[in-house]
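*Asks:* My structure is below; once you've seen it, I'll send some questions.
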2 protein chains.
Amino acid sequence: MCSLPVPREPLRRVAVAGGTHGNEMSGVYLARQWLQAPGELQRPSFSTTPVLANPAAAAACRRYVDRDLNRTFTSAVLTARPHPDDPYEVTRARELNQLLGPKASGQAFDFILDLHNTTANVGTCLVLEAAHNVFALHLCRHLQLQSPEPPCRVFLYQLPREESYSVHSAGKNGMGLELGPQPQGVLRADLFTRMRALVAAALDFIQLFNQGTAFPAFEMEVYRKVGSVDFPRTEAGDLAGTVHPQLQDRDFEPLRPGAPIFRLFSGEDALYEGESTVYPVFINEAAYYEKGIAFFQTEKFTVSVPALPALAPSPAP
Amino acid sequence: MCSLPVPREPLRRVAVAGGTHGNEMSGVYLARQWLQAPGELQRPSFSTTPVLANPAAAAACRRYVDRDLNRTFTSAVLTARPHPDDPYEVTRARELNQLLGPKASGQAFDFILDLHNTTANVGTCLVLEAAHNVFALHLCRHLQLQSPEPPCRVFLYQLPREESYSVHSAGKNGMGLELGPQPQGVLRADLFTRMRALVAAALDFIQLFNQGTAFPAFEMEVYRKVGSVDFPRTEAGDLAGTVHPQLQDRDFEPLRPGAPIFRLFSGEDALYEGESTVYPVFINEAAYYEKGIAFFQTEKFTVSVPALPALAPSPAP
């Protein structure tokens with residue numbers, strides 16, 4: 001396994017972003033809370049910056065104004081010459097890249113945690129680009145041990161040779177935190193409380209690391225995206241059916257060849273025609289209809305994560 | 001009980017509207033299906049017209065474009081002089097009023113069934129203006145007997161002396177059908193199938209009535225709106241908390257004085273301070289945040305619904 005280098009220095013600047021999608025309410029309201037009262041995010045060894053990532057979308061309670069902010073952090077967008085007609089989220093991505101990055105530079109924040117909700121029944125889902133991020137996998141392990149219920153799974157979303165495009169990719173390191181199911185525009189107290197506790201545990205982990213704690217090696221189950229499946233559609237592109245009741249709400253459960261995946265409006269069932277078992281995630285996420293995604297297919301495998309060595313002692317910041 | 005006159009003639013023109021709110025997907029997709037293939041809606045004794053009520057909002061997958069269409073059917077709006085700057089839904093309400101009404105006229109459709117979803121855990125909820133609508137209460141009873149699971153409850157939404165404003169008020173008679181929970185922008189197969197079956201059962205009831213079937217008197221539990229409760233808010237009007245976990249998803253269950261209704265962001269609980277037990281409904285509906293409604297308070301009571309006499313025999317249409 002090719003690994004990202006683990007930090008040799010304490011993390012000094014951490015950002016927690018909510019409202020990257022303006023209708024995912026747990027993060028929107030946590031960010032607003034923390035902007036008023038940031039004390040809850042502070043730890044002795046580093047500073048934490050709360051960010052309301054897409055304030056215009058949050059004000060409108062929409063996912064985005066012009067385009068999906070969390071698909072906008074590509075080098076092509078971030079380095080293009082600004083233009084007055086740029087979509088709102090292009091301008092906002094450049095602002096955030098100035099604040100939290102620049103992406104891939106030594107000035108970037110050490111870690112960005114980006115908070116999301118989904119209408120899919122994912123429970124707690126930790127979203128990393130790939131399995132080579134040893135530091136983030138240790139953070140995931142810490143969260144799994146702190147919050148065993150509901151299951152806290154690790155989803156690796158980046159396909160091979162795909163450029164990173166997420167808000168958290170502006171930092172030197174980072175990850176997404178997805179809690180679901182929650183409808184767009186609804187703030188559930190249970191998910192709000194859970195997200196708040198998970199963020200606190202993530203910050204506690206960074207504090208432990210900065211203090212010189214070593215973390216032993218472990219093995220971990222992860223789910224890696226291998227593709228996506230669109231809804232059944234008519235020739236004109238309209239929906240011809242939706243997720244089958246036997247698949248709905250079964251995120252991270254095995255889907256075997258021949259099992260039903262869609263119920264067509266005609267009443268017929270469409271079956272999964274793959275050759276091997278996959279583990280669907282983000283099943284029937286509201287925001288993915290327009291992207292042509294009824295669910296992601298993932299494969300489940302076990303990664304051996306090496307130990308995270310203790311930092312050499314250093315003076316407090 | 002003051003009663004609406006029951007029909008003395010067969011119902012000849014029925015409309016089934018979906019997509020009055022463009023992100024309530026069960027009705028949006030049923031209406032689109034029926035516009036392609038209306039045969040499923042036809043019965044021997046009357047014609048049924050499928051209507052996609054708010055096509056622009058459905059195309060954008062939003063509740064509305066400019067204003068809530070289902071609050072727009074007031075006489076002030078419908079009779080005002082049209083203006084090029086009218087909000088989209090004002091223009092659309094006048095179009096629908098020409099198609100399905102005019103409201104309160106002899107030319108109006110005999111019955112309008114309007115299809116909705118909610119993010120609240122209401123199960124199947126039949127929405128009537130008031131308890132004096134004997135014909136619609138018999139229709140509700142028929143649906144309850146046809147579809148006992150999940151519970152099929154009757155919600156009377158009109159406050160005393162309040163003018164009707166809903167899409168279905170354009171007809172001589174009508175009601176709303178709310179299925180939940182379903183996130184905005186998500187099409188669940190289970191709710192789609194249930195709504196389709198309920199519409200079929202409603203049309204079957206009208207067919208039975210038109211054929212000369214008499215329906216005996218019965219008693220029925222109904223829930224009548226007596227007010228609404230807003231979310232806790234800051235002085236600036238922002239949310240200061242959300243629905244308490246002990247109230248979330250408990251639509252139609254009793255709420256007793258002193259029970260928690262909100263969890264504040266500070267961690268404290270806010271308690272219900274009313275003097276008597278109420279039955280909250282539409283708890284934490286996404287679309288009601290902007291209306292200042294965390295839930296409706298209802299009172300539960302039993303109505304005695306008189307028999308619906310058989311029509312005198314008449315020639316087939």
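So you can find residues: chains in the structure tokens are A, B, ... in the order shown, residues in each start at 1, and ligands are numbered from 1 in order.
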Mind listing as a VMD selection string which residues of chain A are within 6 Å of chain B, counting only C-alpha atoms?

*Replies:* chain A and resid 183 185 to 186 189 245 286

*Asks:* With all heavy atoms retained, write the just-selected residues as an mmCIF file, in the first residue's frame.

*Replies:*
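Below is the file that was written, selection_20.cif:
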```cif
data_model
loop_
_atom_site.group_PDB
_atom_site.id
_atom_site.type_symbol
_atom_site.label_atom_id
_atom_site.label_comp_id
_atom_site.auth_asym_id
_atom_site.auth_seq_id
_atom_site.Cartn_x
_atom_site.Cartn_y
_atom_site.Cartn_z
ATOM 1 N N PRO A 183 -33.507 14.079 5.813
ATOM 2 C CA PRO A 183 -33.979 14.788 4.626
ATOM 3 C C PRO A 183 -33.249 16.121 4.458
ATOM 4 O O PRO A 183 -32.841 16.742 5.444
ATOM 5 C CB PRO A 183 -35.466 15.026 4.912
ATOM 6 C CG PRO A 183 -35.842 14.018 5.952
ATOM 7 C CD PRO A 183 -34.603 13.840 6.776
ATOM 8 N N GLY A 185 -32.958 19.913 4.283
ATOM 9 C CA GLY A 185 -33.773 20.962 4.894
ATOM 10 C C GLY A 185 -34.348 20.617 6.246
ATOM 11 O O GLY A 185 -35.111 21.416 6.803
ATOM 12 N N VAL A 186 -34.017 19.458 6.782
ATOM 13 C CA VAL A 186 -34.513 19.050 8.103
ATOM 14 C C VAL A 186 -33.325 18.932 9.056
ATOM 15 O O VAL A 186 -32.274 18.401 8.686
ATOM 16 C CB VAL A 186 -35.257 17.700 8.031
ATOM 17 C CG1 VAL A 186 -35.528 17.132 9.418
ATOM 18 C CG2 VAL A 186 -36.566 17.858 7.263
ATOM 19 N N ALA A 189 -32.444 16.345 15.822
ATOM 20 C CA ALA A 189 -31.636 16.509 17.035
ATOM 21 C C ALA A 189 -30.675 15.342 17.223
ATOM 22 O O ALA A 189 -29.536 15.526 17.671
ATOM 23 C CB ALA A 189 -32.550 16.660 18.253
ATOM 24 N N PRO A 245 -37.706 -1.752 -3.063
ATOM 25 C CA PRO A 245 -37.865 -1.810 -1.596
ATOM 26 C C PRO A 245 -36.854 -2.743 -0.921
ATOM 27 O O PRO A 245 -36.489 -2.498 0.238
ATOM 28 C CB PRO A 245 -39.298 -2.326 -1.426
ATOM 29 C CG PRO A 245 -40.007 -1.926 -2.674
ATOM 30 C CD PRO A 245 -38.983 -1.972 -3.771
ATOM 31 N N ALA A 286 -30.953 12.061 -2.456
ATOM 32 C CA ALA A 286 -31.733 13.041 -3.231
ATOM 33 C C ALA A 286 -30.867 13.821 -4.218
ATOM 34 O O ALA A 286 -31.275 14.065 -5.355
ATOM 35 C CB ALA A 286 -32.427 14.014 -2.276
#
```

*Asks:* Leaving out Glu275 (chain A) and any residue of its chain fewer than 4 positions from it, which residues lie within 12 Å of it when counting only C-alpha atoms, given as a list in words?

*Replies:*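 Once the adjacent positions are removed, what remains is Leu255, Arg256, Pro257, Gly258, Ala259 and Leu271 of chain A.
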
*Asks:* If we count only C-alpha atoms and set the cut-off at 12 Å, which residues sit around Ala130 (chain A), ignoring sequence neighbours fewer than 6 positions away in its own chain? Please answer as an MDAnalysis selection string.

*Replies:* chainID A and resid 1:4 136:137 154:164 169 173:175 222:226 303

*Asks:* Mind the document's chain letters and residue numbers, and return as a PyMOL selection string the residues of region 91-273 of chain A that DSSP labels alpha helix (DSSP H).

*Replies:* chain A and resi 91-100+134-146+189-210

*Asks:* Closest to Ser228 (chain A) among A:Ala93, A:Ile293, A:Leu247, A:Val199, using only C-alpha atoms?

*Replies:*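 Closest candidate: A:Ile293.
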
*Asks:* Would you kindly return, as a list in words, each protein, DNA or RNA residue with an atom no farther than 8 Å from any atom of Ala217 (chain A), considering only C-alpha atoms and excluding same-chain residues fewer than 6 positions away?

*Replies:*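 Answer for this query is Ser304, Val305, Pro306, Ala307 and Leu308 of chain A.
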
*Asks:* Can you tell me which residues surround Gly18 (chain B) at a distance of at most 7 Å, considering only C-alpha atoms, apart from same-chain residues fewer than 4 positions away, and format the answer as a list in words?

*Replies:*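 Skipping anything fewer than 4 positions along the chain leaves Gly27, Val28, Leu30, Ala31, Val51, Leu52, Ala53, Asp114 and Leu115 of chain B.
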
*Asks:* Here is a test: counting only C-alpha atoms, which residue of A:Met25, A:Leu143, A:Leu96, A:Leu198 is nearest to Arg63 (chain A)?

*Replies:* A:Met25

*Asks:* With distances taken over only C-alpha atoms, which of A:Ala197, A:Ala170, A:Phe301, A:Arg13 is nearest to Ser105 (chain A)?

*Replies:*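 Under the stated criterion, the closest residue is A:Ala170.
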
*Asks:* Going by DSSP on the backbone, which bits of region 74-287 of chain A are strand (DSSP E)? Write them as a ChimeraX atom specification, please.

*Replies:* /A:111-117,123-128,152-156,174-180,218-229,241-243,260-264,269-271

*Asks:* Considering only C-alpha atoms, state which residue in the set A:Asn70, A:Thr79, A:Gln146, A:Thr234 is at the smallest distance from Asp204 (chain A).

*Replies:*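 Among A:Asn70, A:Thr79, A:Gln146, A:Thr234, it is A:Gln146 that comes nearest to Asp204 (chain A).
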
*Asks:* Mind checking which residues fall within 12 Å of Glu95 (chain B), counting only C-alpha atoms, ignoring those fewer than 4 positions away in the same chain, and posting them as a ChimeraX atom specification?

*Replies:* /B:51,53-54,69,72-73,77-79,82,88-91,99-103,167,170

*Asks:* Skipping near chain neighbours, those fewer than 3 positions away, what residues fall within 8 Å of Thr213 (chain B) using only C-alpha atoms, listed as number ranges by chain?

*Replies:* B: 208-210, 309-311
